[in-house]
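File shown: start-v1.pdb. Contents: PDB, C-alpha atoms.
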ATOM      1  CA  MET A  88     -26.478  56.494 173.308
ATOM      2  CA  THR A  89     -30.133  57.354 173.965
ATOM      3  CA  ARG A  90     -31.034  56.510 177.566
ATOM      4  CA  THR A  91     -34.386  55.058 178.557
ATOM      5  CA  GLU A  92     -36.318  55.217 181.779
ATOM      6  CA  GLY A  93     -35.765  52.491 184.331
ATOM      7  CA  ALA A  94     -32.490  50.569 184.115
ATOM      8  CA  THR A  95     -29.191  52.413 184.520
ATOM      9  CA  PRO A  96     -26.863  51.968 181.548
ATOM     10  CA  PRO A  97     -23.730  49.928 182.330
ATOM     11  CA  ALA A  98     -20.393  51.698 182.564
ATOM     12  CA  ASP A  99     -18.629  49.053 180.482
ATOM     13  CA  TYR A 100     -18.552  45.359 179.616
ATOM     14  CA  ARG A 101     -16.136  42.517 180.239
ATOM     15  CA  LEU A 102     -15.206  39.666 177.888
ATOM     16  CA  LEU A 103     -13.159  36.530 178.466
ATOM     17  CA  LEU A 104     -11.014  35.497 175.511
ATOM     18  CA  PRO A 105      -8.677  32.538 175.057
ATOM     19  CA  GLU A 106      -4.971  33.002 175.509
ATOM     20  CA  GLY A 107      -3.417  34.154 172.257
ATOM     21  CA  TRP A 108      -5.974  36.790 171.285
ATOM     22  CA  PHE A 109      -4.634  40.344 170.927
ATOM     23  CA  ARG A 110      -6.700  43.452 171.634
ATOM     24  CA  ILE A 111      -6.484  46.566 169.432
ATOM     25  CA  LEU A 112      -8.154  49.692 170.792
ATOM     26  CA  LEU A 113      -9.784  51.533 167.894
ATOM     27  CA  ASP A 114      -9.902  55.039 169.346
ATOM     28  CA  PRO A 115      -7.544  57.207 167.198
ATOM     29  CA  ASP A 116      -5.607  58.296 170.293
ATOM     30  CA  GLN A 117      -4.866  54.681 171.248
ATOM     31  CA  ARG A 118      -4.896  52.556 168.106
ATOM     32  CA  ASP A 119      -1.333  53.214 166.891
ATOM     33  CA  ASP A 120       0.168  52.091 170.215
ATOM     34  CA  SER A 121      -1.920  48.908 170.120
ATOM     35  CA  ILE A 122      -0.944  48.172 166.525
ATOM     36  CA  ASP A 123       2.740  48.875 167.149
ATOM     37  CA  ALA A 124       2.680  46.463 170.104
ATOM     38  CA  LEU A 125       1.099  43.743 167.953
ATOM     39  CA  VAL A 126       3.581  44.224 165.101
ATOM     40  CA  GLU A 127       6.546  44.096 167.482
ATOM     41  CA  ARG A 128       5.175  40.923 169.019
ATOM     42  CA  GLN A 129       4.725  39.230 165.642
ATOM     43  CA  PHE A 130       8.231  40.150 164.456
ATOM     44  CA  ARG A 131      10.043  39.548 167.742
ATOM     45  CA  GLY A 132      13.466  38.128 166.939
ATOM     46  CA  ILE A 133      13.137  38.889 163.214
ATOM     47  CA  ASP A 134      15.335  41.780 162.103
ATOM     48  CA  ASN A 135      15.543  41.211 158.362
ATOM     49  CA  ALA A 136      11.933  41.852 157.304
ATOM     50  CA  PRO A 137      11.350  45.614 157.587
ATOM     51  CA  HIS A 138       9.161  45.676 154.467
ATOM     52  CA  LEU A 139       6.837  42.943 155.766
ATOM     53  CA  LYS A 140       6.743  44.653 159.141
ATOM     54  CA  GLU A 141       5.597  47.963 157.649
ATOM     55  CA  GLU A 142       3.157  46.190 155.352
ATOM     56  CA  LEU A 143       1.478  44.546 158.353
ATOM     57  CA  ARG A 144       1.451  47.831 160.265
ATOM     58  CA  GLY A 145      -0.179  49.665 157.340
ATOM     59  CA  ASP A 146      -2.770  46.919 156.810
ATOM     60  CA  LEU A 147      -3.733  46.935 160.494
ATOM     61  CA  ARG A 148      -4.027  50.719 160.549
ATOM     62  CA  ARG A 149      -6.339  50.712 157.533
ATOM     63  CA  ARG A 150      -8.426  47.946 159.031
ATOM     64  CA  ALA A 151      -8.657  49.683 162.402
ATOM     65  CA  ALA A 152      -9.599  53.040 160.857
ATOM     66  CA  LYS A 153     -12.363  51.416 158.792
ATOM     67  CA  ALA A 154     -13.734  49.592 161.853
ATOM     68  CA  TYR A 155     -13.708  52.806 163.894
ATOM     69  CA  ARG A 156     -15.643  54.691 161.213
ATOM     70  CA  GLY A 157     -18.312  51.992 161.443
ATOM     71  CA  GLY A 158     -18.708  52.450 165.189
ATOM     72  CA  GLY A 159     -16.069  49.931 166.260
ATOM     73  CA  ILE A 160     -14.805  50.095 169.837
ATOM     74  CA  GLU A 161     -12.147  47.408 169.844
ATOM     75  CA  LEU A 162     -10.805  44.660 167.614
ATOM     76  CA  TYR A 163      -9.435  41.323 168.773
ATOM     77  CA  LEU A 164      -7.216  39.214 166.523
ATOM     78  CA  SER A 165      -6.404  35.570 167.098
ATOM     79  CA  LEU A 166      -2.714  34.748 167.387
ATOM     80  CA  GLN A 167      -3.446  31.228 168.625
ATOM     81  CA  ALA A 168      -1.123  28.644 167.139
ATOM     82  CA  ALA A 169      -1.895  25.115 165.960
ATOM     83  CA  GLY A 170       1.534  23.633 165.396
ATOM     84  CA  PRO A 171       3.422  25.973 163.036
ATOM     85  CA  LEU A 172       0.219  27.706 161.882
ATOM     86  CA  THR A 173      -1.771  30.598 163.335
ATOM     87  CA  ILE A 174      -5.541  30.097 163.579
ATOM     88  CA  PRO A 175      -6.984  33.133 161.767
ATOM     89  CA  ALA A 176     -10.011  34.661 163.486
ATOM     90  CA  SER A 177     -11.166  38.055 164.659
ATOM     91  CA  LEU A 178     -13.731  39.745 166.871
ATOM     92  CA  LEU A 179     -14.956  43.281 166.217
ATOM     93  CA  VAL A 180     -16.955  44.961 168.993
ATOM     94  CA  THR A 181     -19.248  47.721 167.713
ATOM     95  CA  LEU A 182     -21.676  50.056 169.439
ATOM     96  CA  ALA A 183     -24.776  50.339 167.269
ATOM     97  CA  PRO A 184     -27.173  53.103 168.352
ATOM     98  CA  LEU A 185     -30.687  52.555 167.019
ATOM     99  CA  ARG A 186     -32.930  55.400 165.941
ATOM    100  CA  HIS A 187     -35.891  54.471 168.081
ATOM    101  CA  ALA A 188     -37.552  56.324 170.937
ATOM    102  CA  GLU A 189     -38.013  52.984 172.697
ATOM    103  CA  PRO A 190     -35.696  49.969 172.880
ATOM    104  CA  LEU A 191     -36.123  47.444 170.055
ATOM    105  CA  PRO A 192     -36.770  43.962 171.516
ATOM    106  CA  PRO A 193     -34.381  41.254 170.278
ATOM    107  CA  GLU A 194     -37.320  39.269 168.885
ATOM    108  CA  ASP A 195     -38.258  42.218 166.669
ATOM    109  CA  LEU A 196     -34.657  42.707 165.568
ATOM    110  CA  ALA A 197     -34.423  39.020 164.664
ATOM    111  CA  ARG A 198     -37.555  39.339 162.523
ATOM    112  CA  VAL A 199     -36.157  42.417 160.738
ATOM    113  CA  LEU A 200     -32.831  40.661 160.074
ATOM    114  CA  ALA A 201     -34.635  37.583 158.727
ATOM    115  CA  GLU A 202     -36.774  39.745 156.419
ATOM    116  CA  ASP A 203     -33.676  41.583 155.170
ATOM    117  CA  ALA A 204     -31.892  38.290 154.517
ATOM    118  CA  GLU A 205     -34.879  36.937 152.583
ATOM    119  CA  ALA A 206     -35.136  40.127 150.513
ATOM    120  CA  THR A 207     -31.421  40.030 149.749
ATOM    121  CA  GLU A 208     -31.572  36.405 148.646
ATOM    122  CA  THR A 209     -34.609  37.049 146.431
ATOM    123  CA  GLY A 210     -33.110  40.182 144.933
ATOM    124  CA  SER A 211     -29.755  38.571 144.186
ATOM    125  CA  GLY A 212     -31.345  35.930 141.990
ATOM    126  CA  ASN A 213     -28.764  33.464 143.295
ATOM    127  CA  ALA A 214     -30.442  30.344 144.636
ATOM    128  CA  GLY A 215     -27.092  29.104 145.914
ATOM    129  CA  THR A 216     -26.565  32.018 148.285
ATOM    130  CA  PRO A 217     -26.256  30.589 151.810
ATOM    131  CA  VAL A 218     -29.117  31.724 154.053
ATOM    132  CA  PRO A 219     -27.937  33.028 157.439
ATOM    133  CA  GLU A 220     -29.038  31.207 160.591
ATOM    134  CA  ILE A 221     -30.873  33.665 162.867
ATOM    135  CA  ALA A 222     -31.973  32.845 166.407
ATOM    136  CA  VAL A 223     -32.816  34.538 169.689
ATOM    137  CA  GLU A 224     -30.729  33.207 172.585
ATOM    138  CA  GLU A 225     -30.304  33.824 176.296
ATOM    139  CA  LEU A 226     -26.827  34.848 177.438
ATOM    140  CA  THR A 227     -25.455  35.904 180.800
ATOM    141  CA  ALA A 228     -25.655  39.516 179.586
ATOM    142  CA  GLY A 229     -29.299  39.162 178.492
ATOM    143  CA  THR A 230     -31.370  38.160 175.476
ATOM    144  CA  ALA A 231     -29.416  38.389 172.227
ATOM    145  CA  VAL A 232     -29.867  37.797 168.515
ATOM    146  CA  ARG A 233     -27.365  35.340 167.013
ATOM    147  CA  VAL A 234     -26.657  35.369 163.278
ATOM    148  CA  ARG A 235     -24.373  32.834 161.624
ATOM    149  CA  ARG A 236     -23.367  33.511 158.022
ATOM    150  CA  LEU A 237     -21.397  31.669 155.367
ATOM    151  CA  THR A 238     -19.974  34.039 152.771
ATOM    152  CA  ARG A 239     -18.553  32.719 149.536
ATOM    153  CA  GLN A 240     -15.262  34.313 148.512
ATOM    154  CA  PRO A 241     -13.847  34.187 144.953
ATOM    155  CA  GLY A 242     -10.805  32.004 144.476
ATOM    156  CA  GLU A 243      -7.570  32.862 142.738
ATOM    157  CA  ASN A 244      -9.104  32.163 139.328
ATOM    158  CA  GLY A 245     -11.731  34.869 139.742
ATOM    159  CA  PRO A 246     -15.426  35.028 140.653
ATOM    160  CA  ASP A 247     -16.449  32.966 137.624
ATOM    161  CA  ALA A 248     -14.652  29.889 138.892
ATOM    162  CA  PRO A 249     -16.912  28.403 141.614
ATOM    163  CA  HIS A 250     -14.613  25.421 142.137
ATOM    164  CA  ALA A 251     -11.868  27.815 143.233
ATOM    165  CA  ALA A 252     -14.052  29.627 145.736
ATOM    166  CA  HIS A 253     -13.812  29.305 149.489
ATOM    167  CA  ALA A 254     -16.027  30.576 152.271
ATOM    168  CA  SER A 255     -15.605  32.642 155.391
ATOM    169  CA  VAL A 256     -17.743  32.044 158.462
ATOM    170  CA  SER A 257     -19.062  34.783 160.711
ATOM    171  CA  VAL A 258     -21.128  34.746 163.877
ATOM    172  CA  GLU A 259     -22.786  37.942 165.071
ATOM    173  CA  TYR A 260     -24.280  38.579 168.480
ATOM    174  CA  HIS A 261     -26.602  41.585 168.836
ATOM    175  CA  LEU A 262     -26.923  42.442 172.555
ATOM    176  CA  PRO A 263     -29.231  45.212 173.821
ATOM    177  CA  VAL A 264     -27.360  47.627 176.093
ATOM    178  CA  PRO A 265     -29.445  47.885 179.308
ATOM    179  CA  GLY A 266     -31.061  51.250 179.914
ATOM    180  CA  THR A 267     -30.481  52.473 176.337
ATOM    181  CA  THR A 268     -31.827  52.010 172.815
ATOM    182  CA  ALA A 269     -28.413  50.838 171.572
ATOM    183  CA  TYR A 270     -27.088  47.383 170.766
ATOM    184  CA  LEU A 271     -23.588  46.026 171.317
ATOM    185  CA  LEU A 272     -22.608  44.003 168.253
ATOM    186  CA  LEU A 273     -19.999  41.250 168.489
ATOM    187  CA  THR A 274     -18.844  40.157 165.039
ATOM    188  CA  PHE A 275     -16.668  37.054 164.947
ATOM    189  CA  SER A 276     -15.161  35.813 161.693
ATOM    190  CA  THR A 277     -12.783  33.193 160.355
ATOM    191  CA  PRO A 278     -11.839  32.004 156.854
ATOM    192  CA  LEU A 279     -11.584  28.392 158.089
ATOM    193  CA  GLU A 280     -14.779  26.828 156.721
ATOM    194  CA  PRO A 281     -13.588  23.216 157.282
ATOM    195  CA  ILE A 282     -13.615  23.777 161.061
ATOM    196  CA  ALA A 283     -16.528  26.228 161.043
ATOM    197  CA  ASP A 284     -18.517  24.379 163.717
ATOM    198  CA  ALA A 285     -15.584  24.255 166.120
ATOM    199  CA  MET A 286     -14.820  27.945 165.579
ATOM    200  CA  ALA A 287     -18.500  28.862 165.981
ATOM    201  CA  GLY A 288     -18.475  26.990 169.289
ATOM    202  CA  LEU A 289     -15.506  29.063 170.423
ATOM    203  CA  PHE A 290     -17.240  32.273 169.326
ATOM    204  CA  ASP A 291     -20.381  31.260 171.232
ATOM    205  CA  ALA A 292     -18.349  30.670 174.392
ATOM    206  CA  ILE A 293     -16.700  34.096 174.138
ATOM    207  CA  ALA A 294     -20.050  35.834 173.586
ATOM    208  CA  GLY A 295     -21.514  33.912 176.515
ATOM    209  CA  SER A 296     -18.775  35.268 178.796
ATOM    210  CA  LEU A 297     -19.806  38.912 178.290
ATOM    211  CA  THR A 298     -20.991  40.678 181.427
ATOM    212  CA  TRP A 299     -21.976  44.286 182.053
ATOM    213  CA  THR A 300     -20.078  46.294 184.648
ATOM    214  CA  GLU A 301     -21.294  49.218 186.763
TER
END
In structure tokens, how does this file's structure come out?
Amino acid sequence: MTRTEGATPPADYRLLLPEGWFRILLDPDQRDDSIDALVERQFRGIDNAPHLKEELRGDLRRRAAKAYRGGGIELYLSLQAAGPLTIPASLLVTLAPLRHAEPLPPEDLARVLAEDAEATETGSGNAGTPVPEIAVEELTAGTAVRVRRLTRQPGENGPDAPHAAHASVSVEYHLPVPGTTAYLLLTFSTPLEPIADAMAGLFDAIAGSLTWTE
């Protein structure tokens, strides 16, 4: 990260997550141990599904490697249960260095993101494309840019069958790292559109818990 004059960059950050969320470290020297621990937890007491076990392990390794290449630091996966079902959700923490000599204020970043979203919508020619909600908010860790998106996903009948489509919900928090020109990006996502507001509330609470440590 590029340091700036004045504030001393934090040594780390701390997040509070609900019980039932599992942390995967994305560093290549640590990720396999994290993934193996998650797989063993999910298949505890199940000895007759080696193929499914290896399929999950391979999928998690591919996902972790892709996140790491994009600057990911750690990945959290929800294992919270609602009755017999697991509530699917994830949080990817990414360090995003910006190529600026001076820090980019959150208000300016919000304007850039809004302009990009408008250009994307205009260029797509799709009037039905959901427009992301972009706002500047105050968190314990400082001023942040919040972006909530609704992304349409094709259904089983293909992209030409709108009635079969569903949507995933994501909430991003862009937090300036004190004393640097970098941002810490928290990307929450869930495929559960029917309870999007409740999940977004949970994501907001997690982001609000972030604190910098010396």
Leaving out segment 266-271 of chain A and any residue of its chain fewer than 5 positions from it, which residues lie within 12 Å of it when counting only C-alpha atoms, given as a ChimeraX atom specification?
/A:88-100,158-161,179-193,196,228-232,259-261,294,297-299
Output file for the selection above: C-alpha atoms, as a PDB file, keeping the file's coordinate frame:
ATOM      1  CA  MET A  88     -26.478  56.494 173.308  1.00  0.00           C
ATOM      2  CA  THR A  89     -30.133  57.354 173.965  1.00  0.00           C
ATOM      3  CA  ARG A  90     -31.034  56.510 177.566  1.00  0.00           C
ATOM      4  CA  THR A  91     -34.386  55.058 178.557  1.00  0.00           C
ATOM      5  CA  GLU A  92     -36.318  55.217 181.779  1.00  0.00           C
ATOM      6  CA  GLY A  93     -35.765  52.491 184.331  1.00  0.00           C
ATOM      7  CA  ALA A  94     -32.490  50.569 184.115  1.00  0.00           C
ATOM      8  CA  THR A  95     -29.191  52.413 184.520  1.00  0.00           C
ATOM      9  CA  PRO A  96     -26.863  51.968 181.548  1.00  0.00           C
ATOM     10  CA  PRO A  97     -23.730  49.928 182.330  1.00  0.00           C
ATOM     11  CA  ALA A  98     -20.393  51.698 182.564  1.00  0.00           C
ATOM     12  CA  ASP A  99     -18.629  49.053 180.482  1.00  0.00           C
ATOM     13  CA  TYR A 100     -18.552  45.359 179.616  1.00  0.00           C
ATOM     14  CA  GLY A 158     -18.708  52.450 165.189  1.00  0.00           C
ATOM     15  CA  GLY A 159     -16.069  49.931 166.260  1.00  0.00           C
ATOM     16  CA  ILE A 160     -14.805  50.095 169.837  1.00  0.00           C
ATOM     17  CA  GLU A 161     -12.147  47.408 169.844  1.00  0.00           C
ATOM     18  CA  LEU A 179     -14.956  43.281 166.217  1.00  0.00           C
ATOM     19  CA  VAL A 180     -16.955  44.961 168.993  1.00  0.00           C
ATOM     20  CA  THR A 181     -19.248  47.721 167.713  1.00  0.00           C
ATOM     21  CA  LEU A 182     -21.676  50.056 169.439  1.00  0.00           C
ATOM     22  CA  ALA A 183     -24.776  50.339 167.269  1.00  0.00           C
ATOM     23  CA  PRO A 184     -27.173  53.103 168.352  1.00  0.00           C
ATOM     24  CA  LEU A 185     -30.687  52.555 167.019  1.00  0.00           C
ATOM     25  CA  ARG A 186     -32.930  55.400 165.941  1.00  0.00           C
ATOM     26  CA  HIS A 187     -35.891  54.471 168.081  1.00  0.00           C
ATOM     27  CA  ALA A 188     -37.552  56.324 170.937  1.00  0.00           C
ATOM     28  CA  GLU A 189     -38.013  52.984 172.697  1.00  0.00           C
ATOM     29  CA  PRO A 190     -35.696  49.969 172.880  1.00  0.00           C
ATOM     30  CA  LEU A 191     -36.123  47.444 170.055  1.00  0.00           C
ATOM     31  CA  PRO A 192     -36.770  43.962 171.516  1.00  0.00           C
ATOM     32  CA  PRO A 193     -34.381  41.254 170.278  1.00  0.00           C
ATOM     33  CA  LEU A 196     -34.657  42.707 165.568  1.00  0.00           C
ATOM     34  CA  ALA A 228     -25.655  39.516 179.586  1.00  0.00           C
ATOM     35  CA  GLY A 229     -29.299  39.162 178.492  1.00  0.00           C
ATOM     36  CA  THR A 230     -31.370  38.160 175.476  1.00  0.00           C
ATOM     37  CA  ALA A 231     -29.416  38.389 172.227  1.00  0.00           C
ATOM     38  CA  VAL A 232     -29.867  37.797 168.515  1.00  0.00           C
ATOM     39  CA  GLU A 259     -22.786  37.942 165.071  1.00  0.00           C
ATOM     40  CA  TYR A 260     -24.280  38.579 168.480  1.00  0.00           C
ATOM     41  CA  HIS A 261     -26.602  41.585 168.836  1.00  0.00           C
ATOM     42  CA  ALA A 294     -20.050  35.834 173.586  1.00  0.00           C
ATOM     43  CA  LEU A 297     -19.806  38.912 178.290  1.00  0.00           C
ATOM     44  CA  THR A 298     -20.991  40.678 181.427  1.00  0.00           C
ATOM     45  CA  TRP A 299     -21.976  44.286 182.053  1.00  0.00           C
TER      46      TRP A 299
END
Against segment 133-150 of chain A, which residues of segment 99-128 of chain A fall within 9 Å? For each one I want the closest pair of atoms and the distance in Å (one decimal), counting only C-alpha atoms, rows by chain and increasing residue number, as a Markdown table.
| residue | atom | partner | partner_atom | distance |
| --- | --- | --- | --- | --- |
| A:Arg118 | CA | A:Arg148 | CA | 7.8 |
| A:Asp119 | CA | A:Arg148 | CA | 7.3 |
| A:Ile122 | CA | A:Arg144 | CA | 6.7 |
| A:Asp123 | CA | A:Arg144 | CA | 7.1 |
| A:Leu125 | CA | A:Arg144 | CA | 8.7 |
| A:Val126 | CA | A:Arg144 | CA | 6.4 |
| A:Glu127 | CA | A:Lys140 | CA | 8.4 |
Kindly save the residues from that selection, with C-alpha atoms included, as an mmCIF file, in the frame of the given file.
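File produced: out.cif:
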data_model
loop_
_atom_site.group_PDB
_atom_site.id
_atom_site.type_symbol
_atom_site.label_atom_id
_atom_site.label_comp_id
_atom_site.auth_asym_id
_atom_site.auth_seq_id
_atom_site.Cartn_x
_atom_site.Cartn_y
_atom_site.Cartn_z
ATOM 1 C CA ARG A 118 -4.896 52.556 168.106
ATOM 2 C CA ASP A 119 -1.333 53.214 166.891
ATOM 3 C CA ILE A 122 -0.944 48.172 166.525
ATOM 4 C CA ASP A 123 2.740 48.875 167.149
ATOM 5 C CA LEU A 125 1.099 43.743 167.953
ATOM 6 C CA VAL A 126 3.581 44.224 165.101
ATOM 7 C CA GLU A 127 6.546 44.096 167.482
#
Leaving out Leu166 of chain A and any residue of its chain fewer than 3 positions from it, which residues lie within 7 Å of it when counting all atoms listed in the file, given as a list of chain:residue names?
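My list of contacting residues is A:Gly107, A:Trp108, A:Phe109, A:Thr173, A:Ile174.
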Which residue gives the smallest distance to Arg156 of chain A among A:Val234, A:Arg239, A:Pro115, A:Pro217, with only C-alpha atoms counted?
A:Pro115
Residue with smallest distance to Leu104 of chain A - pool A:Ala206, A:Leu200, A:Leu178, A:Val218, counting all atoms listed in the file:
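Of A:Ala206, A:Leu200, A:Leu178, A:Val218, the one nearest Leu104 of chain A is A:Leu178, counting all atoms listed in the file.
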Set up a box along x, y and z of the file covering all listed atoms of segment 276-289 of chain A, add 3 Å on every one of the six sides, and write the centre and edge lengths in Å to one decimal, as lines of an AutoDock Vina configuration file.
center_x = -15.1
center_y = 29.5
center_z = 163.6
size_x = 12.9
size_y = 18.6
size_z = 19.7
Please enumerate the residues selected by the PyMOL selection byres ((chain A and resi 219) around 12) when evaluated against the supplied file, formatted as a ChimeraX atom specification.
/A:197,200-205,207-208,216-218,220-222,233-238,256-259
Out of A:Gly170, A:Gly157, A:Pro263, A:Gly132, which residue has the shortest atom-to-atom distance to Asp195 of chain A when counting all atoms listed in the file?
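Nearest to Asp195 of chain A: A:Pro263.
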What is the atom CA of Tyr163 of chain A to atom CA of Ala151 of chain A distance in Å?
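Distance reported for this atom pair: 10.5 Å.
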Using the chain letters and numbering of this document, enumerate as number ranges by chain the residues selected by the PyMOL selection byres ((chain A and resi 112) around 8).
A: 110-111, 113-114, 117-118, 121, 160-162
Tell me, in Å to one decimal, how far atom CA of Ser255 of chain A is from atom CA of Leu279 of chain A.
6.4 Å
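Comparing A:Leu226, A:Leu262, A:Leu164, A:Ala169 by their smallest distance to Gly295 of chain A, the closest is A:Leu226 (using only C-alpha atoms).
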In Å, how far is it from atom CA of Asp291 of chain A to atom CA of Thr227 of chain A?
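Computing it gives 11.8 Å between the two atoms.
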Complete segment 268-280 of chain A at the level of N, CA and C atoms, written as a tab-separated table (two decimals), in the coordinates of the input.
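Result saved to rebuild-v1.tsv:
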chain	number	residue	atom	x	y	z
A	268	THR	N	-31.23	52.56	174.04
A	268	THR	CA	-31.83	52.01	172.82
A	268	THR	C	-30.75	51.44	171.89
A	269	ALA	N	-29.53	51.31	172.40
A	269	ALA	CA	-28.41	50.84	171.57
A	269	ALA	C	-28.22	49.33	171.70
A	270	TYR	N	-27.50	48.78	170.73
A	270	TYR	CA	-27.09	47.38	170.77
A	270	TYR	C	-25.56	47.32	170.74
A	271	LEU	N	-25.01	46.33	171.43
A	271	LEU	CA	-23.59	46.03	171.32
A	271	LEU	C	-23.49	44.85	170.34
A	272	LEU	N	-22.73	45.03	169.29
A	272	LEU	CA	-22.61	44.00	168.25
A	272	LEU	C	-21.23	43.35	168.34
A	273	LEU	N	-21.23	42.04	168.52
A	273	LEU	CA	-20.00	41.25	168.49
A	273	LEU	C	-19.96	40.52	167.15
A	274	THR	N	-18.96	40.80	166.35
A	274	THR	CA	-18.84	40.16	165.04
A	274	THR	C	-17.58	39.30	165.01
A	275	PHE	N	-17.78	38.00	165.04
A	275	PHE	CA	-16.67	37.05	164.95
A	275	PHE	C	-16.55	36.58	163.50
A	276	SER	N	-15.32	36.35	163.05
A	276	SER	CA	-15.16	35.81	161.69
A	276	SER	C	-13.90	34.99	161.59
A	277	THR	N	-13.93	34.03	160.65
A	277	THR	CA	-12.78	33.19	160.35
A	277	THR	C	-12.90	32.70	158.92
A	278	PRO	N	-11.79	32.56	158.21
A	278	PRO	CA	-11.84	32.00	156.85
A	278	PRO	C	-11.77	30.48	156.84
A	279	LEU	N	-11.78	29.84	158.01
A	279	LEU	CA	-11.58	28.39	158.09
A	279	LEU	C	-12.91	27.64	158.04
A	280	GLU	N	-13.50	27.53	156.86
A	280	GLU	CA	-14.78	26.83	156.72
A	280	GLU	C	-14.71	25.36	157.15
